[in-house]
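S.K.: Sharing a structure here in structure tokens format.
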Amino acid sequence: MANALEVNGLGKHFNKFSLSDITFTIPKGYICGYVGRNGAGKTTTLNLITHQMRADAGEVRIDGITYRGDPVRYKKSIGYIGDSNYVMPELKVNDLKQILKDFYDTFDGKKFQEMVDRWELPVDKKIKTFSRGMQVRLMFAGVFARDTKLLILDEATNGLDPVMKQEVLELLQAYIEDGEHSVLFSTHILSDLEQIADYIFFLEKGKRVLFDTREELTEKYVLVRGGLEDLDGKWQEKVLGLKESSLGFEGVMESDDAMMLPKACLIEKPTIDQLVVYMIREMEGERV
């Protein structure tokens with residue numbers, strides 16, 4: 001059975017930035033968080049996958065299909081929701097419904113209308129008057145009413161209130177329930193991934209830093225804390241992103257290395273946010 005997404009050796013070169021050798025796979029029925037700081041290359045990667053931009057190297061397959069092999073089917077397999085409304089602002093809901101019906105042969109107008117009614121989206125107002133939450137709901141209705149295989153989110157939870165954000169996370173989990181659909185979720189709000197992401201891809205300066213299941217990452221690394229008196233030169237170099245203050249030290253370590261710590265040190269399971277922050281500190285030599 002084909003994977004939902006296969007990215008092999010993807011690369012794109014600009015004058016002052018290069019995306020290099022990006023490789024990862026998302027099986028069907030899973031959510032992958034694609035994380036990194038602003039400017040790390042997240043949106044460039046998504047533009048290459050959606051073929052809004054041509055890659056200089058590498059190959060992408062969605063449900064086993066390349067863009068070159070079947071560009072129409074490839075494009076129709078993708079649903080996309082970004083951090084801003086991509087629907088023409090002067091349109092109304094029924095105008096969008098007709099456009100989607102004309103453009104996508106798998107579009108289900110009845111399903112679309114059911115979601116519009118459930119979310120009480122106004123059909124008599126122009127989309128430009130919708131709140132951010134209403135626009136996000138409308139974009140989800142458009143995607144979920146089609147037979148997509150991969151949903152790509154680019155900072156889609158930006159600007160949402162906590163209630164709407166939780167609703168979006170629940171929608172993503174419902175989308176993958178049948179084991180045939182998957183999600184690539186690019187975000188810098190790492191807390192959004194804690195409860196839903198199955199895989200984490202961490203990108204920094206256009207290069208892969210790590211890619212693994214969320215469970216494996218939080219098993220492989222631990223968050224460590226202790227007093228300054230506990231710091232020992234024999235092992236402190238193994239603390240990634242070591243941070244020292246008058247209160248003590250903090251950082252992350254590989255779980256196996258943490259066995260050498262003094263018993264007075266605290267060892268905890270890290271959040272994805274903590275893990276990424278300390279890895280960035282380590283790469284930039286921000287030990288203080």
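By order of appearance in the structure tokens: chains A, B, ..., then residues from 1 within every chain, and ligands from 1 in the order shown.
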Give me the residues within 12 Å of Gly9 of chain A as a PyMOL selection string, counting only C-alpha atoms and dropping any in the same chain fewer than 5 places off.
M.R.: chain A and resi 19-25+45+48+55-61+207-208
S.K.: With a distance cut-off of 8 Å and only C-alpha atoms, select the neighbouring residues of Gly64 of chain A, excluding the residue or stretch itself and same-chain residues fewer than 3 positions from it, and output the selection as a list in words.
M.R.: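 The contact residues come out as Ala2, Asn3, Ala4, Leu5, Glu6 and Arg61 of chain A.
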S.K.: Given only C-alpha atoms, how would the per-residue table for segment 18-65 of chain A near segment 176-190 of chain A read, listing every residue at most 8 Å away with its closest atom pair and distance in Å to one decimal, sorted by chain and number, as a Markdown table?
M.R.:
| residue | atom | partner | partner_atom | distance |
| --- | --- | --- | --- | --- |
| A:Ile26 | CA | A:Ser182 | CA | 7.3 |
| A:Pro27 | CA | A:Ser182 | CA | 7.4 |
| A:Lys28 | CA | A:Glu180 | CA | 5.3 |
| A:Gly29 | CA | A:Gly179 | CA | 3.9 |
| A:Tyr30 | CA | A:Ser182 | CA | 5.0 |
| A:Ile31 | CA | A:Val183 | CA | 4.6 |
| A:Cys32 | CA | A:Leu184 | CA | 5.0 |
| A:Gly33 | CA | A:Phe185 | CA | 4.8 |
| A:Tyr34 | CA | A:Ser186 | CA | 4.4 |
| A:Val35 | CA | A:Thr187 | CA | 5.6 |
| A:Gly36 | CA | A:His188 | CA | 6.2 |
| A:Arg37 | CA | A:His188 | CA | 6.2 |
| A:Asn38 | CA | A:His188 | CA | 7.5 |
| A:Lys42 | CA | A:Ser186 | CA | 6.5 |
| A:Thr43 | CA | A:Ser186 | CA | 7.8 |
S.K.: Could the residues in this selection be saved with all heavy atoms as a compact mmCIF listing (two decimals), in the first residue's frame?
M.R.:
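Wrote selection06.txt, looks like this:
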# COMPACT_ATOMS: atom_id res chain seq x y z
N ILE A 26 5.29 9.92 5.28
CA ILE A 26 4.13 9.89 6.17
C ILE A 26 3.23 8.73 5.73
O ILE A 26 2.67 8.77 4.63
CB ILE A 26 3.32 11.19 6.14
CG1 ILE A 26 4.20 12.40 6.38
CG2 ILE A 26 2.19 11.13 7.19
CD1 ILE A 26 3.46 13.72 6.28
N PRO A 27 3.08 7.70 6.55
CA PRO A 27 2.17 6.61 6.20
C PRO A 27 0.72 7.11 6.20
O PRO A 27 0.40 8.16 6.77
CB PRO A 27 2.39 5.58 7.32
CG PRO A 27 3.68 5.98 7.97
CD PRO A 27 3.77 7.46 7.82
N LYS A 28 -0.15 6.37 5.60
CA LYS A 28 -1.57 6.72 5.62
C LYS A 28 -2.12 6.62 7.04
O LYS A 28 -1.77 5.72 7.78
CB LYS A 28 -2.35 5.80 4.69
CG LYS A 28 -2.07 6.05 3.21
CD LYS A 28 -2.95 5.17 2.33
CE LYS A 28 -2.70 5.47 0.86
NZ LYS A 28 -3.57 4.66 -0.03
N GLY A 29 -2.96 7.59 7.39
CA GLY A 29 -3.60 7.56 8.69
C GLY A 29 -2.80 8.23 9.79
O GLY A 29 -3.07 7.99 10.97
N TYR A 30 -1.85 9.10 9.43
CA TYR A 30 -1.00 9.72 10.45
C TYR A 30 -0.87 11.23 10.21
O TYR A 30 -1.09 11.74 9.11
CB TYR A 30 0.40 9.10 10.44
CG TYR A 30 0.40 7.67 10.95
CD1 TYR A 30 0.22 6.60 10.07
CD2 TYR A 30 0.57 7.40 12.31
CE1 TYR A 30 0.21 5.29 10.54
CE2 TYR A 30 0.57 6.11 12.78
CZ TYR A 30 0.38 5.06 11.89
OH TYR A 30 0.36 3.76 12.37
N ILE A 31 -0.47 11.93 11.29
CA ILE A 31 -0.24 13.37 11.25
C ILE A 31 1.23 13.63 11.53
O ILE A 31 1.78 13.13 12.49
CB ILE A 31 -1.10 14.09 12.30
CG1 ILE A 31 -2.59 13.91 12.00
CG2 ILE A 31 -0.75 15.59 12.35
CD1 ILE A 31 -3.51 14.49 13.07
N CYS A 32 1.85 14.44 10.67
CA CYS A 32 3.26 14.80 10.84
C CYS A 32 3.36 16.29 11.09
O CYS A 32 2.87 17.10 10.30
CB CYS A 32 4.06 14.42 9.60
SG CYS A 32 5.81 14.91 9.67
N GLY A 33 3.99 16.66 12.19
CA GLY A 33 4.28 18.06 12.46
C GLY A 33 5.58 18.45 11.78
O GLY A 33 6.60 17.80 11.98
N TYR A 34 5.53 19.50 10.96
CA TYR A 34 6.71 19.98 10.24
C TYR A 34 7.11 21.29 10.91
O TYR A 34 6.46 22.32 10.71
CB TYR A 34 6.37 20.18 8.77
CG TYR A 34 7.57 20.23 7.85
CD1 TYR A 34 8.32 19.08 7.62
CD2 TYR A 34 7.94 21.40 7.20
CE1 TYR A 34 9.41 19.10 6.77
CE2 TYR A 34 9.03 21.43 6.35
CZ TYR A 34 9.76 20.28 6.14
OH TYR A 34 10.85 20.31 5.30
N VAL A 35 8.15 21.27 11.73
CA VAL A 35 8.42 22.39 12.63
C VAL A 35 9.78 23.01 12.37
O VAL A 35 10.70 22.38 11.86
CB VAL A 35 8.32 21.94 14.10
CG1 VAL A 35 6.98 21.28 14.37
CG2 VAL A 35 9.44 21.00 14.50
N GLY A 36 9.87 24.26 12.77
CA GLY A 36 11.11 25.01 12.63
C GLY A 36 10.80 26.49 12.79
O GLY A 36 9.64 26.91 12.75
N ARG A 37 11.83 27.28 12.97
CA ARG A 37 11.63 28.71 13.14
C ARG A 37 11.21 29.37 11.83
O ARG A 37 11.32 28.78 10.75
CB ARG A 37 12.91 29.35 13.67
CG ARG A 37 13.24 28.95 15.08
CD ARG A 37 14.45 29.69 15.59
NE ARG A 37 15.68 29.30 14.91
CZ ARG A 37 16.87 29.80 15.19
NH1 ARG A 37 16.99 30.71 16.13
NH2 ARG A 37 17.94 29.38 14.55
N ASN A 38 10.73 30.61 11.93
CA ASN A 38 10.44 31.37 10.73
C ASN A 38 11.72 31.47 9.89
O ASN A 38 12.78 31.79 10.41
CB ASN A 38 9.94 32.77 11.08
CG ASN A 38 8.56 32.75 11.71
OD1 ASN A 38 7.79 31.81 11.50
ND2 ASN A 38 8.24 33.77 12.49
N LYS A 42 10.10 25.93 5.97
CA LYS A 42 8.84 25.18 6.04
C LYS A 42 7.94 25.48 4.84
O LYS A 42 7.48 24.57 4.15
CB LYS A 42 8.11 25.47 7.35
CG LYS A 42 8.89 25.14 8.61
CD LYS A 42 8.05 25.22 9.86
CE LYS A 42 7.39 26.56 10.08
NZ LYS A 42 8.39 27.65 10.29
N THR A 43 7.67 26.77 4.61
CA THR A 43 6.76 27.13 3.52
C THR A 43 7.36 26.78 2.17
O THR A 43 6.64 26.36 1.25
CB THR A 43 6.42 28.63 3.58
OG1 THR A 43 5.73 28.90 4.81
CG2 THR A 43 5.53 29.04 2.42
S.K.: Do a neighbour search on Ala40 of chain A at 6 Å with only C-alpha atoms, toss out local chain neighbours closer than 5 positions, and write the hits as a list in words.
M.R.: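 Close residues of Ala40 of chain A: Glu204, Lys205 and Gly206 of chain A.
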S.K.: Would you save the residues of that selection, restricted to N, CA and C atoms, as a CSV table (one decimal), in the first residue's frame?
M.R.:
chain,number,residue,atom,x,y,z
A,204,GLU,N,15.9,23.2,10.3
A,204,GLU,CA,16.6,24.4,10.7
A,204,GLU,C,17.6,24.8,9.6
A,205,LYS,N,17.4,26.0,9.1
A,205,LYS,CA,18.3,26.6,8.0
A,205,LYS,C,18.3,25.7,6.8
A,206,GLY,N,17.1,25.2,6.5
A,206,GLY,CA,16.9,24.4,5.2
A,206,GLY,C,17.4,23.0,5.3
S.K.: Just to confirm, what's the straight-line distance from atom CA of Leu121 of chain A to atom CA of Asp192 of chain A in Å (one decimal)?
M.R.: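 Atom-to-atom, atom CA of Leu121 of chain A to atom CA of Asp192 of chain A, that is 24.8 Å.
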S.K.: Within segment 6-230 of chain A, find each residue whose DSSP state, derived from the backbone, is strand (DSSP E or B), and express the selection as an NGL selection string.
M.R.: :A and (6-13 or 18-26 or 31-35 or 57-62 or 65 or 78-81 or 150-154 or 182-187 or 199-204 or 207-213 or 221-226)
S.K.: What is the atom CA of Leu160 of chain A to atom CA of Ile196 of chain A distance in Å?
M.R.: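 Atom CA of Ile196 of chain A lies at a distance of 17.2 Å from atom CA of Leu160 of chain A.
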S.K.: From the set A:Lys165, A:His13, A:Lys243, A:Arg214, which residue has the shortest atom-to-atom contact distance to Gly285 of chain A, counting only C-alpha atoms?
M.R.: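 The closest residue to Gly285 of chain A is A:Lys243.
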S.K.: Please list as an MDAnalysis selection string every residue within 12 Å of Gly133 of chain A, counting only C-alpha atoms and excluding residues in the same chain fewer than 5 positions away.
M.R.: chainID A and resid 83:85 119:121 127 138:140 156:168
S.K.: Please indicate the distance in Å from atom CA of His51 of chain A to atom CA of Phe14 of chain A, rounded to one decimal place.
M.R.: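 Here the two named atoms are 16.7 Å from each other.
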S.K.: Among segment 97-226 of chain A, which ones does DSSP place in helix (DSSP H, G or I), written as a PyMOL selection string?
M.R.: chain A and resi 97-103+109-118+127-129+132-144+162-175+190-193+214-220
S.K.: Nearest residue to Thr271 of chain A out of A:Met283, A:Leu217, A:Leu150, A:Val143, using only C-alpha atoms?
M.R.: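 Of A:Met283, A:Leu217, A:Leu150, A:Val143, the one nearest Thr271 of chain A, counting only C-alpha atoms, is A:Leu217.
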